[in-house]
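Colleague: Contents of my_file-v5.txt (compact mmCIF, C-alpha atoms and all ligand atoms) are given next:
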# COMPACT_ATOMS: atom_id res chain seq x y z
CA MET N 7 189.19 173.69 51.41
CA ILE N 8 189.82 175.19 54.84
CA GLU N 9 187.03 174.40 57.25
CA ASN N 10 187.90 177.01 59.85
CA ALA N 11 188.32 180.66 59.02
CA ILE N 12 189.95 181.26 62.39
CA SER N 13 191.65 178.87 64.74
CA LEU N 14 193.16 179.85 68.08
CA LYS N 15 195.32 177.19 69.66
CA ASP N 16 196.37 177.51 73.29
CA VAL N 17 196.69 181.29 73.11
CA TRP N 18 198.10 183.05 76.16
CA LYS N 19 198.50 186.77 76.62
CA THR N 20 200.06 188.92 79.28
CA PHE N 21 200.73 192.64 78.88
CA ASP N 22 202.78 193.12 82.04
CA GLY N 23 204.42 189.71 82.40
CA LYS N 24 202.37 188.99 85.52
CA GLU N 25 198.66 188.86 84.86
CA TYR N 26 197.36 186.71 82.02
CA ILE N 27 194.38 188.07 80.12
CA LEU N 28 194.13 185.08 77.75
CA LYS N 29 194.82 181.79 79.48
CA GLY N 30 195.14 179.01 76.97
CA MET N 31 192.33 180.02 74.68
CA ASN N 32 191.16 177.52 72.08
CA LEU N 33 188.55 178.48 69.54
CA ASP N 34 187.67 177.42 66.01
CA ILE N 35 185.43 179.68 63.99
CA LYS N 36 183.90 177.92 61.03
CA LYS N 37 184.27 179.38 57.59
CA GLY N 38 181.06 181.01 56.42
CA SER N 39 179.51 181.14 59.88
CA LEU N 40 178.19 184.05 61.87
CA THR N 41 179.73 183.65 65.32
CA ALA N 42 178.92 185.74 68.37
CA ILE N 43 181.42 186.22 71.18
CA ILE N 44 179.82 186.89 74.54
CA GLY N 45 180.93 187.08 78.15
CA PHE N 46 181.26 189.32 81.18
CA SER N 47 182.94 192.68 80.86
CA GLY N 48 186.73 192.61 81.08
CA THR N 49 186.95 188.93 80.23
CA GLY N 50 189.14 189.34 77.16
CA LYS N 51 186.72 189.56 74.23
CA SER N 52 188.20 192.67 72.64
CA VAL N 53 191.74 191.51 73.42
CA MET N 54 191.01 188.23 71.64
CA LEU N 55 189.59 190.07 68.64
CA LYS N 56 192.69 192.25 68.42
CA HIS N 57 194.84 189.12 68.38
CA ILE N 58 192.90 187.78 65.42
CA LEU N 59 193.30 191.12 63.66
CA GLY N 60 197.04 190.91 64.29
CA LEU N 61 197.04 194.07 66.42
CA PHE N 62 198.38 192.21 69.46
CA PRO N 63 200.91 189.37 69.34
CA PRO N 64 200.16 186.48 71.69
CA SER N 65 202.64 185.66 74.45
CA ARG N 66 202.26 181.99 73.48
CA GLY N 67 200.17 179.89 71.15
CA SER N 68 199.15 180.05 67.52
CA ILE N 69 196.50 181.94 65.63
CA GLU N 70 195.53 180.70 62.21
CA VAL N 71 193.45 182.91 59.99
CA LEU N 72 192.34 181.70 56.55
CA GLY N 73 194.95 178.98 56.73
CA HIS N 74 197.88 181.25 57.69
CA ASN N 75 199.63 181.29 61.03
CA ILE N 76 199.56 185.05 61.46
CA THR N 77 201.80 184.96 64.53
CA GLN N 78 204.66 184.34 62.11
CA PHE N 79 203.86 187.35 59.95
CA ASP N 80 205.99 190.49 60.11
CA LYS N 81 204.47 193.96 60.22
CA ASN N 82 204.20 194.37 56.45
CA GLN N 83 202.68 190.95 55.97
CA LEU N 84 200.13 191.72 58.67
CA THR N 85 199.20 195.03 57.10
CA ALA N 86 198.74 193.38 53.73
CA PHE N 87 196.80 190.49 55.27
CA ARG N 88 194.31 192.89 56.88
CA ARG N 89 192.85 193.48 53.43
CA ASN N 90 190.96 190.27 54.09
CA PHE N 91 189.19 191.91 57.02
CA GLY N 92 186.32 194.32 57.35
CA VAL N 93 185.98 195.88 60.76
CA LEU N 94 183.12 197.77 62.38
CA PHE N 95 183.68 198.93 65.94
CA GLN N 96 181.27 200.50 68.38
CA GLY N 97 181.51 204.05 67.10
CA ALA N 98 181.42 203.90 63.32
CA ALA N 99 184.78 205.76 63.51
CA LEU N 100 184.22 207.67 60.29
CA PHE N 101 186.56 210.40 59.14
CA ASP N 102 184.74 213.60 60.10
CA ASP N 103 186.20 215.73 57.35
CA MET N 104 185.38 213.31 54.54
CA THR N 105 182.02 212.84 52.89
CA VAL N 106 180.10 209.60 53.18
CA LEU N 107 181.31 208.54 49.74
CA GLU N 108 184.93 209.51 50.46
CA ASN N 109 184.86 207.47 53.66
CA VAL N 110 183.93 204.34 51.72
CA CYS N 111 186.47 205.10 48.99
CA PHE N 112 189.26 205.43 51.53
CA PRO N 113 190.25 201.74 51.95
CA LEU N 114 190.04 201.28 48.20
CA PHE N 115 192.44 204.17 47.51
CA GLU N 116 194.73 202.75 50.23
CA HIS N 117 194.76 199.11 49.20
CA ARG N 118 193.68 199.05 45.58
CA ARG N 119 195.99 201.48 43.86
CA ASP N 120 195.50 199.44 40.70
CA LEU N 121 191.93 200.70 40.36
CA LYS N 122 190.88 203.78 38.42
CA LYS N 123 189.21 206.59 40.32
CA GLU N 124 185.89 206.00 38.55
CA THR N 125 185.98 202.32 39.45
CA VAL N 126 186.58 203.18 43.10
CA PHE N 127 183.58 205.51 43.06
CA GLU N 128 181.49 202.81 41.41
CA ILE N 129 182.42 200.22 44.04
CA ALA N 130 181.81 202.66 46.91
CA THR N 131 178.43 203.60 45.46
CA ARG N 132 177.46 199.94 45.15
CA LYS N 133 178.48 199.22 48.76
CA LEU N 134 176.54 202.21 50.10
CA LYS N 135 173.45 201.13 48.21
CA GLN N 136 173.89 197.56 49.45
CA VAL N 137 173.64 198.75 53.06
CA GLY N 138 170.59 200.84 52.27
CA LEU N 139 171.95 204.35 52.05
CA GLU N 140 170.28 206.64 49.55
CA GLU N 141 172.38 208.49 47.02
CA LYS N 142 171.23 211.91 48.23
CA HIS N 143 173.36 211.41 51.38
CA PHE N 144 176.60 210.48 49.65
CA GLN N 145 178.06 213.98 49.58
CA LYS N 146 177.23 214.77 53.20
CA LEU N 147 179.68 214.79 56.10
CA PRO N 148 179.19 212.26 58.91
CA SER N 149 177.96 215.04 61.22
CA GLN N 150 175.15 215.77 58.76
CA ILE N 151 173.63 212.28 58.81
CA SER N 152 171.84 210.27 61.52
CA GLY N 153 173.46 207.66 63.78
CA GLY N 154 171.86 204.86 61.79
CA MET N 155 173.22 206.25 58.55
CA GLN N 156 176.66 206.58 60.12
CA LYS N 157 176.53 202.87 60.99
CA ARG N 158 175.51 202.05 57.45
CA THR N 159 178.41 204.14 56.14
CA GLY N 160 180.82 202.38 58.51
CA LEU N 161 179.56 199.03 57.33
CA ALA N 162 179.84 200.03 53.67
CA ARG N 163 183.44 201.05 54.36
CA ALA N 164 184.10 197.70 56.07
CA LEU N 165 182.70 195.97 52.99
CA ALA N 166 184.63 198.04 50.48
CA LEU N 167 187.41 195.51 49.89
CA ASP N 168 185.06 192.48 49.78
CA PRO N 169 186.55 191.04 52.95
CA GLU N 170 186.62 187.32 53.70
CA ILE N 171 185.98 188.03 57.36
CA LEU N 172 183.85 190.75 58.94
CA PHE N 173 184.44 191.74 62.54
CA TYR N 174 182.06 193.65 64.75
CA ASP N 175 182.95 194.75 68.28
CA GLU N 176 179.87 195.91 70.19
CA PRO N 177 178.20 197.25 67.05
CA THR N 178 175.00 198.23 68.86
CA THR N 179 176.22 199.29 72.31
CA GLY N 180 174.75 202.67 73.16
CA LEU N 181 172.13 202.62 70.41
CA ASP N 182 168.39 202.85 71.02
CA PRO N 183 166.31 199.66 70.60
CA ILE N 184 165.05 200.54 67.13
CA LEU N 185 168.51 201.35 65.79
CA THR N 186 169.86 198.24 67.52
CA GLU N 187 167.43 196.03 65.67
CA MET N 188 168.22 197.76 62.39
CA VAL N 189 171.96 197.23 62.84
CA ASP N 190 171.47 193.59 63.89
CA ASN N 191 169.35 192.91 60.84
CA LEU N 192 171.89 194.69 58.67
CA ILE N 193 174.65 192.44 60.06
CA LEU N 194 172.55 189.36 59.33
CA GLU N 195 171.60 190.51 55.82
CA THR N 196 175.20 191.46 55.05
CA HIS N 197 176.36 188.09 56.28
CA LYS N 198 173.90 186.27 54.05
CA ALA N 199 174.64 188.46 51.04
CA GLY N 200 178.36 187.77 51.50
CA GLN N 201 177.93 184.12 50.46
CA GLY N 202 180.73 182.46 52.34
CA THR N 203 181.82 185.48 54.33
CA THR N 204 182.69 184.70 57.91
CA SER N 205 181.27 187.14 60.47
CA VAL N 206 182.48 187.52 64.03
CA MET N 207 180.50 189.72 66.37
CA VAL N 208 181.37 190.61 69.95
CA SER N 209 178.13 191.61 71.65
CA HIS N 210 176.60 192.46 74.99
CA ASP N 211 173.20 191.97 73.45
CA LEU N 212 172.32 188.34 74.08
CA HIS N 213 168.96 188.60 72.35
CA ALA N 214 170.71 189.61 69.14
CA ALA N 215 173.51 187.06 69.59
CA PHE N 216 171.11 184.16 69.98
CA ARG N 217 168.79 185.41 67.26
CA ILE N 218 171.28 185.95 64.47
CA ALA N 219 174.38 183.85 65.24
CA ASP N 220 174.99 180.31 64.01
CA TYR N 221 177.47 179.72 66.80
CA VAL N 222 178.14 181.43 70.10
CA ALA N 223 181.34 181.40 72.16
CA MET N 224 181.21 182.50 75.76
CA LEU N 225 184.54 183.65 77.13
CA ASN N 226 185.34 183.70 80.79
CA ALA N 227 188.59 184.55 82.52
CA GLY N 228 190.60 184.30 79.34
CA GLN N 229 189.22 180.97 78.16
CA VAL N 230 186.28 179.71 76.15
CA LEU N 231 183.73 178.49 78.66
CA LEU N 232 181.22 177.22 76.12
CA TYR N 233 181.13 177.12 72.33
CA GLY N 234 178.06 175.90 70.52
CA THR N 235 174.80 176.72 68.81
CA PRO N 236 172.29 179.01 70.55
CA GLU N 237 170.38 175.82 71.41
CA ASP N 238 173.40 174.40 73.19
CA PHE N 239 173.42 177.51 75.34
CA PHE N 240 169.81 177.12 76.37
CA LYS N 241 170.28 173.52 77.48
CA THR N 242 173.69 173.74 79.11
CA ASP N 243 174.36 172.58 82.67
CA ILE N 244 177.27 174.96 83.21
CA GLU N 245 176.10 177.17 86.07
CA LEU N 246 178.02 180.28 85.06
CA VAL N 247 176.66 180.11 81.51
CA LYS N 248 173.11 179.59 82.78
CA LYS N 249 173.42 182.59 85.07
CA PHE N 250 174.85 184.80 82.37
CA VAL N 251 172.24 183.78 79.81
CA ASP N 252 169.29 184.10 82.24
CA LYS N 253 170.39 187.53 83.33
CA GLY N 254 171.19 188.71 79.82
CA MET N 255 167.89 187.53 78.40
CA ARG N 256 165.89 189.06 81.25
CA HIS N 257 167.48 192.47 81.18
CA GLN N 258 166.80 193.47 77.61
N1 LIG M 301 196.51 197.30 75.73
C1 LIG M 301 196.30 196.75 76.92
N2 LIG M 301 197.26 196.78 77.89
C2 LIG M 301 197.06 196.24 79.10
N3 LIG M 301 195.91 195.64 79.47
C3 LIG M 301 194.93 195.57 78.58
C4 LIG M 301 195.06 196.13 77.25
N4 LIG M 301 193.91 195.92 76.59
C5 LIG M 301 193.10 195.28 77.45
N5 LIG M 301 193.69 195.05 78.62
C6 LIG M 301 193.10 194.36 79.77
O1 LIG M 301 192.60 193.10 79.36
C7 LIG M 301 191.42 192.76 80.07
C8 LIG M 301 190.34 192.34 79.10
O2 LIG M 301 189.94 193.48 78.36
P1 LIG M 301 188.95 193.40 77.12
O3 LIG M 301 188.90 194.78 76.56
O4 LIG M 301 189.32 192.30 76.22
O5 LIG M 301 187.57 193.05 77.83
P2 LIG M 301 186.16 192.77 77.14
O6 LIG M 301 185.81 191.35 77.41
O7 LIG M 301 186.19 193.21 75.73
O8 LIG M 301 185.22 193.71 78.02
P3 LIG M 301 183.98 194.63 77.61
O9 LIG M 301 182.80 193.70 77.55
O10 LIG M 301 183.87 195.58 78.75
O11 LIG M 301 184.28 195.29 76.30
C9 LIG M 301 191.06 193.96 80.91
O12 LIG M 301 191.48 193.71 82.23
C10 LIG M 301 191.87 195.08 80.31
O13 LIG M 301 192.25 196.02 81.27
MG MG M 302 185.29 194.77 74.65
As structure tokens, please, write out the structure in this file.
Ligand SMILES: Nc1ncnc2c1ncn2[C@@H]1O[C@H](COP(=O)(O)OP(=O)(O)OP(=O)(O)O)[C@@H](O)[C@H]1O
Ligand SMILES: [Mg+2]
Modeller:
Amino acid sequence: MIENAISLKDVWKTFDGKEYILKGMNLDIKKGSLTAIIGFSGTGKSVMLKHILGLFPPSRGSIEVLGHNITQFDKNQLTAFRRNFGVLFQGAALFDDMTVLENVCFPLFEHRRDLKKETVFEIATRKLKQVGLEEKHFQKLPSQISGGMQKRTGLARALALDPEILFYDEPTTGLDPILTEMVDNLILETHKAGQGTTSVMVSHDLHAAFRIADYVAMLNAGQVLLYGTPEDFFKTDIELVKKFVDKGMRHQ
């Protein structure tokens, strides 16, 4: 039994050979947890996420995901390994020329060529219903549904392959408060329904992070400044964390 879904050990990253964006990052993300990644803008949150997804190779250090050191994988192994991931970025990034249902079928047709067409449709339908989308919207194009429904569709697509790990990068940035709460609750419900799924969410929204996450990691200048439960964050003595949390909690 692997305790950590993700384990970064002394990860360094430079793009230009001069400036380091990740500077010896260490982070363990517990299997089955919902972990929020927070921190000032430009501090390396998205870069770290892309390392875990295998989209960037580290300059040094190791990255273990589900017990595999992915830094040793070649391109094909990485592509195959990404079946374990569901990803929802800021924009839902749906295919504009495909219907809602086709969008959710897409990863299944890509990765599960063993499945019959009807089975793919069945799975996609189940996923869309799970995230609360009504059947009458399934044949619409993304431009014909609301922003909230687009998010639900994006999430259904991320769930299509029953991923072990779900990643969210700024899932609510730019949304109105009501939609934000809906998406946050959807993330929490999806996490719970996953039974053992690990969820990793990068968020600017500290209220949401502290409300729904089991663990929070604050990054700063390419390192983890504090990792702990939301409670740990409220009683920390680290000045920079206190400042960030006070400001973040006041401004929303
Ligand atoms: N592909 C890349 N090539 C070169 N530099 C990059 C690349 N991607 C990111 N960076 C740099 O890495 C630094 C960290 O960026 P990153 O996107 O991880 O920040 P972030 O913490 O996600 O910020 P935000 O909260 O604004 O999303 C930035 O200085 C950025 O310019
Ligand atoms: Mg980012």
Colleague: May I ask you to write as a PyMOL selection string all residues lying at most 8 Å from ligand MG 302 (chain M), with only C-alpha atoms and all ligand atoms counted?
Modeller: chain N and resi 47-48+50-53+175-176+208
Colleague: Set out as JSON lines a contact list for range 83-161 of chain N and range 181-195 of chain N with a cut-off of 9 Å, giving each residue of range 83-161 of chain N that qualifies its closest atom pair and distance in Å to one decimal, counting all atoms listed in the file, ordered by chain and rising residue number.
Modeller:
{"residue": "N:Val137", "atom": "CA", "partner": "N:Leu192", "partner_atom": "CA", "distance": 7.1}
{"residue": "N:Gly138", "atom": "CA", "partner": "N:Leu192", "partner_atom": "CA", "distance": 9.0}
{"residue": "N:Gly153", "atom": "CA", "partner": "N:Leu185", "partner_atom": "CA", "distance": 8.3}
{"residue": "N:Gly154", "atom": "CA", "partner": "N:Leu185", "partner_atom": "CA", "distance": 6.3}
{"residue": "N:Lys157", "atom": "CA", "partner": "N:Val189", "partner_atom": "CA", "distance": 7.5}
{"residue": "N:Arg158", "atom": "CA", "partner": "N:Val189", "partner_atom": "CA", "distance": 8.1}
{"residue": "N:Leu161", "atom": "CA", "partner": "N:Ile193", "partner_atom": "CA", "distance": 8.7}
Colleague: Return as a PyMOL selection string every polymer residue, whether protein, DNA or RNA, with at least one atom no more than 10 Å from an atom of ligand LIG 301 (chain M); count only C-alpha atoms and all ligand atoms.
Modeller: chain N and resi 19-22+25-28+43-56+61-62+96+175-176+179+208-210+225-228
Colleague: Which residues come within 9 Å of range 238-254 of chain N, counting all atoms listed in the file, excluding same-chain residues fewer than 6 positions away, as a PDB file with C-alpha atoms, in the frame of the given file?
Modeller:
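This is the output file out_16.pdb:
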ATOM      1  CA  GLY N  45     180.930 187.080  78.150  1.00  0.00           C
ATOM      2  CA  PHE N  46     181.260 189.320  81.180  1.00  0.00           C
ATOM      3  CA  HIS N 210     176.600 192.460  74.990  1.00  0.00           C
ATOM      4  CA  ASP N 211     173.200 191.970  73.450  1.00  0.00           C
ATOM      5  CA  LEU N 212     172.320 188.340  74.080  1.00  0.00           C
ATOM      6  CA  HIS N 213     168.960 188.600  72.350  1.00  0.00           C
ATOM      7  CA  PHE N 216     171.110 184.160  69.980  1.00  0.00           C
ATOM      8  CA  VAL N 222     178.140 181.430  70.100  1.00  0.00           C
ATOM      9  CA  MET N 224     181.210 182.500  75.760  1.00  0.00           C
ATOM     10  CA  LEU N 231     183.730 178.490  78.660  1.00  0.00           C
ATOM     11  CA  LEU N 232     181.220 177.220  76.120  1.00  0.00           C
TER      12      LEU N 232
END
Colleague: Counting all atoms listed in the file, what is within 9 Å of range 111-125 of chain N, bar same-chain residues fewer than 2 positions away, as a PyMOL selection string?
Modeller: chain N and resi 86+89+106-109+127-131+163-164+166-167
Colleague: Here is a test: counting all atoms listed in the file, which residue of N:Thr203, N:Ser65, N:Gln229, N:Thr159 is nearest to Val110 in chain N?
Modeller: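 Nearest candidate to Val110 in chain N out of N:Thr203, N:Ser65, N:Gln229, N:Thr159: N:Thr159.
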Colleague: Can you work out the spacing between CA of Thr77 in chain N and CA of Ile12 in chain N in Å, to one decimal?
Modeller: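 Here the two named atoms are 12.6 Å from each other.
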Colleague: Between N:Arg217, N:Arg88, N:His197, N:Lys29, which is the closest to Leu72 in chain N once you count all atoms listed in the file?
Modeller: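 Ranking N:Arg217, N:Arg88, N:His197, N:Lys29 by distance to Leu72 in chain N, first place goes to N:Arg88.
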Colleague: Go ahead and compute the interatomic distance for CA of Glu9 in chain N and CA of His74 in chain N, in Å to one decimal.
Modeller: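 Those two atoms sit 12.8 Å apart.
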Colleague: Can you tell me how far CA of Glu140 in chain N sits from CA of Gly160 in chain N, in Å to one decimal?
Modeller: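 Straight-line distance from CA of Glu140 in chain N to CA of Gly160 in chain N works out to 14.5 Å.
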Colleague: Here is a test: counting all atoms listed in the file, which residue of N:Val126, N:Leu165, N:Leu14, N:Met155 is nearest to Leu139 in chain N?
Modeller: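 Residue with the minimum atom-to-atom distance to Leu139 in chain N: N:Met155.
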Colleague: I need the residue nearest Gln83 in chain N from this list: N:Gly23, N:Gly38, N:Pro169, N:Gly60. Use all atoms listed in the file for the distance.
Modeller: N:Gly60
Colleague: Which protein, DNA or RNA residues are at most 10 Å from (182.5, 187.4, 58.5) in the file's coordinates when you count all atoms listed in the file, listed as a PyMOL selection string?
Modeller: chain N and resi 11+35-41+90-93+169-174+193+196-198+200-207
Colleague: So which one's closest to Gln150 in chain N, N:Ile218, N:Ile58, N:Met104, N:Ile69? Using all atoms listed in the file, please.
Modeller: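 Closest candidate: N:Met104.
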Colleague: Between N:Ala99, N:Thr178, N:Ala162, N:Tyr233, single out the one closest to Ala214 in chain N, counting only C-alpha atoms.
Modeller: N:Thr178
